[in-house]
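Asks: Submitted below is the structure of interest, expressed as structure tokens.
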2 protein chains.
Amino acid sequence: MRRKGGVRAAFQGEPGAFSHEAVMRLVGEEAEILPCPRFEDVFAALRDREAAAAVIPIENTLHGSVHENYDHLLNFDHHITGETNVRIIHNLIAAPGVMFKDLRRVFSHPVALNQCLHFLAANPQLERTPFYDTAGSVKMVMEEGLKDAAAIASAVSAGIYGARILKKSIEDDRENHTRFFLLRRAGEKPLPAVGPAKKGWKTSLVFTTRNQPGSLFKALSAFALRDLSLTKIESRPLRGRPWEYLFYVDFLGRLEEERVKRALGHLEELADMLRVFGCYPC
Amino acid sequence: MRRKGGVRAAFQGEPGAFSHEAVMRLVGEEAEILPCPRFEDVFAALRDREAAAAVIPIENTLHGSVHENYDHLLNFDHHITGETNVRIIHNLIAAPGVMFKDLRRVFSHPVALNQCLHFLAANPQLERTPFYDTAGSVKMVMEEGLKDAAAIASAVSAGIYGARILKKSIEDDRENHTRFFLLRRAGEKPLPAVGPAKKGWKTSLVFTTRNQPGSLFKALSAFALRDLSLTKIESRPLRGRPWEYLFYVDFLGRLEEERVKRALGHLEELADMLRVFGCYPC
């Protein structure tokens, strides 16, 4: 599944996964892809120079933050150079020639099946069959040449495996979006921009404070006193240290700005630990 | 699956699910249970008096907050009266008489299978087979009388379906915990406490502010100026209103305390919307 001429980008899942769609948006349609079984493998592939970039999901509008990937951001020495939001659109996909009336079974990841309950309730003739992942179910339906079965997956996966979309957008909730980060190794330049020009800059960081009343309030003064807008804040208890917290913060601003430099200097003074994950167009 | 004499509690999943374990901790071992297919059904069962209490997962240490349940908390008129943390322990479970050496297949929810990768890599003779949910896979292995198959699920599910635990705690990461809330209808008293006495009180709420620089900082002053400790803060973009945010906050304190009343009055002044989800022992 590697195409020639493009940058090689690692992601978790099968070709056609929603992460693959994020790769196409962030790295370009010509990206060579390196599908990996686990998130940790994605970070390691970038570290070991098997890929020049990596794309990871960081949060979803229904399911919250992917804490595992925040942990990997802390453990690996990569930096964020871009972000994108992908709307999770589920499609009913079958082999060419298979008609909707032929279908008796539908394969997909249980999370995707659970996001299409209205469609499945309206079509009780379709037996729901759990599968490892969404794009993998398209691959399987095609490889096995199934005539009575469809998969639920992304439009990209239909294209990759030569399958056909029978019904578009069968998900219950249209407000299902996943935010992805594009990563490069520390010290390496961002890739050339893909897609429409971005308007501003965002910076993502993590810091820790002792759990004293008001410690977060003091830390946020570093931003508030300089009129910097936060676009995300999330606390997370530190493993094994029940009264200490990590805070994930995104704010609008660029590391080169004087007020951003001063805000980070101020935050460093108030926090026990501070790490900037990256600064990228948004 | 209903036992006599106890309070009836609704939860999502099959009997033996981790939510069922949370019911046993929050409502007691004698609780009558009402398993529901979806989270929304759990909230509706409580509203419609099919259950006297409901138990829902709200966040997980690896997978973040369950935003869907925060949405239901806003849409239904229930209140939080208790919380508990359940460590997610995965066990290899088979029918009595089945030996580990007989096993060729293992069934479970893909998320659970993915949380036992070290064990599965060390036992390549076991074919991984995705299933709807963890406890449901135990039920199926028992009902089908499978002699070459095991399920990966909670210890509680083994007891419920008369199955046997072949290997305990086969999960990769021991730091996998889910936090659950116990809910009652608005205006109804908490159930009698179960388990060891709790030491303090926690209050959970949601508020919105316009995304002006410093608006969150001002809102948090309501807590900081009164030395109230936050134990959770999380922002979430408001659907369809790209520059407005919801904030979920938990803090240590009881609604009856004077400084808590004053903090909430102050926050009401600074926020566009404020809703207290509940105050409960912690």
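The chains in the structure tokens are called A, B, ... from first to last as shown; in each chain the residues are counted from 1, and the ligands are counted from 1 in the order shown.
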Would you kindly return, as a PyMOL selection string, each protein, DNA or RNA residue with an atom no farther than 12 Å from any atom of Ser108 (chain B), considering only C-alpha atoms and excluding same-chain residues fewer than 2 positions away?

Replies: (chain A and resi 110+130-132) or (chain B and resi 17+90-93+105-106+110-116+127-141+149-154)

Asks: What residues in chain A have any atom no more than 6 Å from chain B when counting only C-alpha atoms, and can you write them as a VMD selection string?

Replies: chain A and resid 62 to 68 130 to 131 213 to 214 224 227 to 229 232 to 235

Asks: When DSSP works through the backbone of this structure, what residues of region 145-240 of chain B end up as strand (DSSP E), shown as a CSV table (one decimal) with N, CA and C atoms, in the first residue's frame?

Replies:
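Output contents, as saved in states38.csv:
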```csv
chain,number,residue,atom,x,y,z
B,149,ALA,N,-12.7,-23.0,23.2
B,149,ALA,CA,-12.8,-21.5,23.2
B,149,ALA,C,-12.9,-20.9,24.6
B,150,ALA,N,-12.3,-19.7,24.8
B,150,ALA,CA,-12.4,-19.0,26.0
B,150,ALA,C,-12.9,-17.6,25.7
B,151,ALA,N,-13.3,-16.9,26.7
B,151,ALA,CA,-13.7,-15.4,26.6
B,151,ALA,C,-12.7,-14.6,27.4
B,152,ILE,N,-12.6,-13.3,27.1
B,152,ILE,CA,-11.9,-12.4,28.0
B,152,ILE,C,-12.9,-11.4,28.6
B,153,ALA,N,-13.0,-11.4,29.9
B,153,ALA,CA,-14.1,-10.7,30.6
B,153,ALA,C,-13.8,-10.5,32.1
B,164,ARG,N,-15.4,-20.7,34.4
B,164,ARG,CA,-14.2,-20.8,35.3
B,164,ARG,C,-13.1,-19.9,34.8
B,165,ILE,N,-12.4,-19.2,35.7
B,165,ILE,CA,-11.3,-18.4,35.3
B,165,ILE,C,-10.1,-19.2,35.1
B,166,LEU,N,-9.5,-19.3,33.9
B,166,LEU,CA,-8.3,-20.0,33.7
B,166,LEU,C,-7.0,-19.2,33.9
B,167,LYS,N,-7.1,-17.9,33.6
B,167,LYS,CA,-5.9,-17.0,33.9
B,167,LYS,C,-6.5,-15.7,34.4
B,177,HIS,N,-8.5,2.1,34.8
B,177,HIS,CA,-9.6,2.3,35.7
B,177,HIS,C,-10.7,3.0,35.1
B,178,THR,N,-11.9,2.7,35.4
B,178,THR,CA,-13.1,3.4,34.9
B,178,THR,C,-13.8,4.0,36.2
B,179,ARG,N,-14.2,5.3,36.0
B,179,ARG,CA,-15.0,5.9,37.1
B,179,ARG,C,-16.4,5.9,36.7
B,180,PHE,N,-17.3,5.5,37.7
B,180,PHE,CA,-18.7,5.4,37.5
B,180,PHE,C,-19.5,6.3,38.4
B,181,PHE,N,-20.6,6.8,37.9
B,181,PHE,CA,-21.5,7.6,38.7
B,181,PHE,C,-22.8,6.8,39.0
B,182,LEU,N,-23.3,7.0,40.2
B,182,LEU,CA,-24.6,6.5,40.6
B,182,LEU,C,-25.6,7.6,40.5
B,183,LEU,N,-26.7,7.4,39.8
B,183,LEU,CA,-27.7,8.4,39.6
B,183,LEU,C,-29.0,8.1,40.2
B,184,ARG,N,-29.7,9.1,40.7
B,184,ARG,CA,-31.1,9.0,41.1
B,184,ARG,C,-31.9,10.1,40.4
B,185,ARG,N,-33.2,10.0,40.4
B,185,ARG,CA,-34.0,11.0,39.9
B,185,ARG,C,-33.9,12.3,40.7
B,201,TRP,N,-16.6,15.1,50.5
B,201,TRP,CA,-17.7,15.3,49.5
B,201,TRP,C,-17.1,15.9,48.3
B,202,LYS,N,-17.7,15.6,47.2
B,202,LYS,CA,-17.3,16.1,45.9
B,202,LYS,C,-18.6,16.6,45.2
B,203,THR,N,-18.4,17.7,44.5
B,203,THR,CA,-19.5,18.3,43.7
B,203,THR,C,-19.1,18.3,42.2
B,204,SER,N,-20.0,17.9,41.3
B,204,SER,CA,-19.8,17.9,39.9
B,204,SER,C,-20.7,18.9,39.2
B,205,LEU,N,-20.2,19.7,38.3
B,205,LEU,CA,-21.0,20.7,37.6
B,205,LEU,C,-20.5,20.9,36.2
B,206,VAL,N,-21.4,21.6,35.4
B,206,VAL,CA,-21.0,22.0,34.1
B,206,VAL,C,-21.3,23.5,33.9
B,207,PHE,N,-20.5,24.3,33.2
B,207,PHE,CA,-20.9,25.6,32.9
B,207,PHE,C,-20.3,26.0,31.6
B,208,THR,N,-20.9,27.1,31.0
B,208,THR,CA,-20.4,27.6,29.7
B,208,THR,C,-20.0,29.0,29.9
B,209,THR,N,-19.0,29.4,29.0
B,209,THR,CA,-18.6,30.8,28.9
B,209,THR,C,-18.4,31.1,27.5
B,210,ARG,N,-18.5,32.4,27.1
B,210,ARG,CA,-18.0,32.8,25.8
B,210,ARG,C,-16.5,32.7,25.7
B,230,LEU,N,-10.1,21.9,42.9
B,230,LEU,CA,-10.7,21.2,41.8
B,230,LEU,C,-10.0,19.8,41.7
B,231,THR,N,-10.8,18.8,41.4
B,231,THR,CA,-10.3,17.5,41.1
B,231,THR,C,-10.4,17.1,39.6
B,232,LYS,N,-11.2,17.9,38.9
B,232,LYS,CA,-11.3,17.6,37.4
B,232,LYS,C,-11.7,18.9,36.7
B,233,ILE,N,-11.1,19.2,35.6
B,233,ILE,CA,-11.6,20.2,34.7
B,233,ILE,C,-11.3,19.8,33.3
B,234,GLU,N,-12.3,20.0,32.5
B,234,GLU,CA,-12.2,19.6,31.1
B,234,GLU,C,-13.1,20.5,30.2
B,235,SER,N,-12.5,21.0,29.2
B,235,SER,CA,-13.3,21.8,28.2
B,235,SER,C,-13.8,21.0,27.1
B,236,ARG,N,-14.9,21.4,26.5
B,236,ARG,CA,-15.5,20.7,25.4
B,236,ARG,C,-16.2,21.7,24.5
B,237,PRO,N,-15.8,21.8,23.2
B,237,PRO,CA,-16.4,22.8,22.3
B,237,PRO,C,-17.9,22.5,22.3
B,238,LEU,N,-18.7,23.6,22.2
B,238,LEU,CA,-20.2,23.4,22.1
B,238,LEU,C,-20.5,23.1,20.6
```

Asks: Give the helix (DSSP H, G or I) residues of region 189-242 of chain B, as DSSP finds them on the backbone, and put them as a PyMOL selection string.

Replies: chain B and resi 215-224

Asks: Those same residues, written as a short mmCIF file (atom, residue, chain, number, x, y, z; two decimals), in the first residue's frame with N, CA and C atoms?

Replies:
```
data_model
loop_
_atom_site.label_atom_id
_atom_site.label_comp_id
_atom_site.auth_asym_id
_atom_site.auth_seq_id
_atom_site.Cartn_x
_atom_site.Cartn_y
_atom_site.Cartn_z
N SER B 215 -11.88 34.33 30.16
CA SER B 215 -13.20 34.02 30.74
C SER B 215 -13.15 32.79 31.65
N LEU B 216 -12.36 31.78 31.27
CA LEU B 216 -12.22 30.62 32.14
C LEU B 216 -11.48 31.02 33.42
N PHE B 217 -10.44 31.84 33.26
CA PHE B 217 -9.67 32.30 34.41
C PHE B 217 -10.58 32.99 35.43
N LYS B 218 -11.44 33.88 34.93
CA LYS B 218 -12.39 34.56 35.83
C LYS B 218 -13.31 33.55 36.51
N ALA B 219 -13.82 32.60 35.71
CA ALA B 219 -14.76 31.61 36.27
C ALA B 219 -14.08 30.81 37.39
N LEU B 220 -12.81 30.45 37.18
CA LEU B 220 -12.13 29.63 38.18
C LEU B 220 -11.80 30.43 39.44
N SER B 221 -11.82 31.76 39.33
CA SER B 221 -11.59 32.58 40.54
C SER B 221 -12.66 32.29 41.59
N ALA B 222 -13.87 31.88 41.14
CA ALA B 222 -14.94 31.57 42.09
C ALA B 222 -14.52 30.45 43.05
N PHE B 223 -13.70 29.53 42.56
CA PHE B 223 -13.19 28.45 43.41
C PHE B 223 -11.90 28.86 44.12
N ALA B 224 -10.96 29.45 43.35
CA ALA B 224 -9.63 29.75 43.89
C ALA B 224 -9.72 30.75 45.05
#
```

Asks: With a distance cut-off of 8 Å and only C-alpha atoms, select the neighbouring residues of Met142 (chain B), excluding the residue or stretch itself and same-chain residues fewer than 5 positions from it, and output the selection as a list in words.

Replies: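 Counting only the stated atoms, we get Ala94, Ala95, Tyr161, Gly162 and Ala163 of chain B.
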
Asks: Limited to N, CA and C atoms, could you put the picked residues into a file as a short mmCIF file (atom, residue, chain, number, x, y, z; two decimals), in the first residue's frame?

Replies:
```cif
data_model
loop_
_atom_site.label_atom_id
_atom_site.label_comp_id
_atom_site.auth_asym_id
_atom_site.auth_seq_id
_atom_site.Cartn_x
_atom_site.Cartn_y
_atom_site.Cartn_z
N ALA B 94 -13.36 -19.83 30.66
CA ALA B 94 -13.89 -20.91 29.81
C ALA B 94 -14.89 -21.75 30.61
N ALA B 95 -15.53 -22.69 29.93
CA ALA B 95 -16.48 -23.59 30.59
C ALA B 95 -15.72 -24.51 31.56
N TYR B 161 -22.25 -16.68 34.85
CA TYR B 161 -22.58 -17.68 33.83
C TYR B 161 -22.05 -19.07 34.18
N GLY B 162 -21.52 -19.24 35.42
CA GLY B 162 -21.03 -20.56 35.84
C GLY B 162 -19.80 -21.00 35.09
N ALA B 163 -19.00 -20.03 34.64
CA ALA B 163 -17.76 -20.37 33.93
C ALA B 163 -16.58 -20.33 34.90
#
```
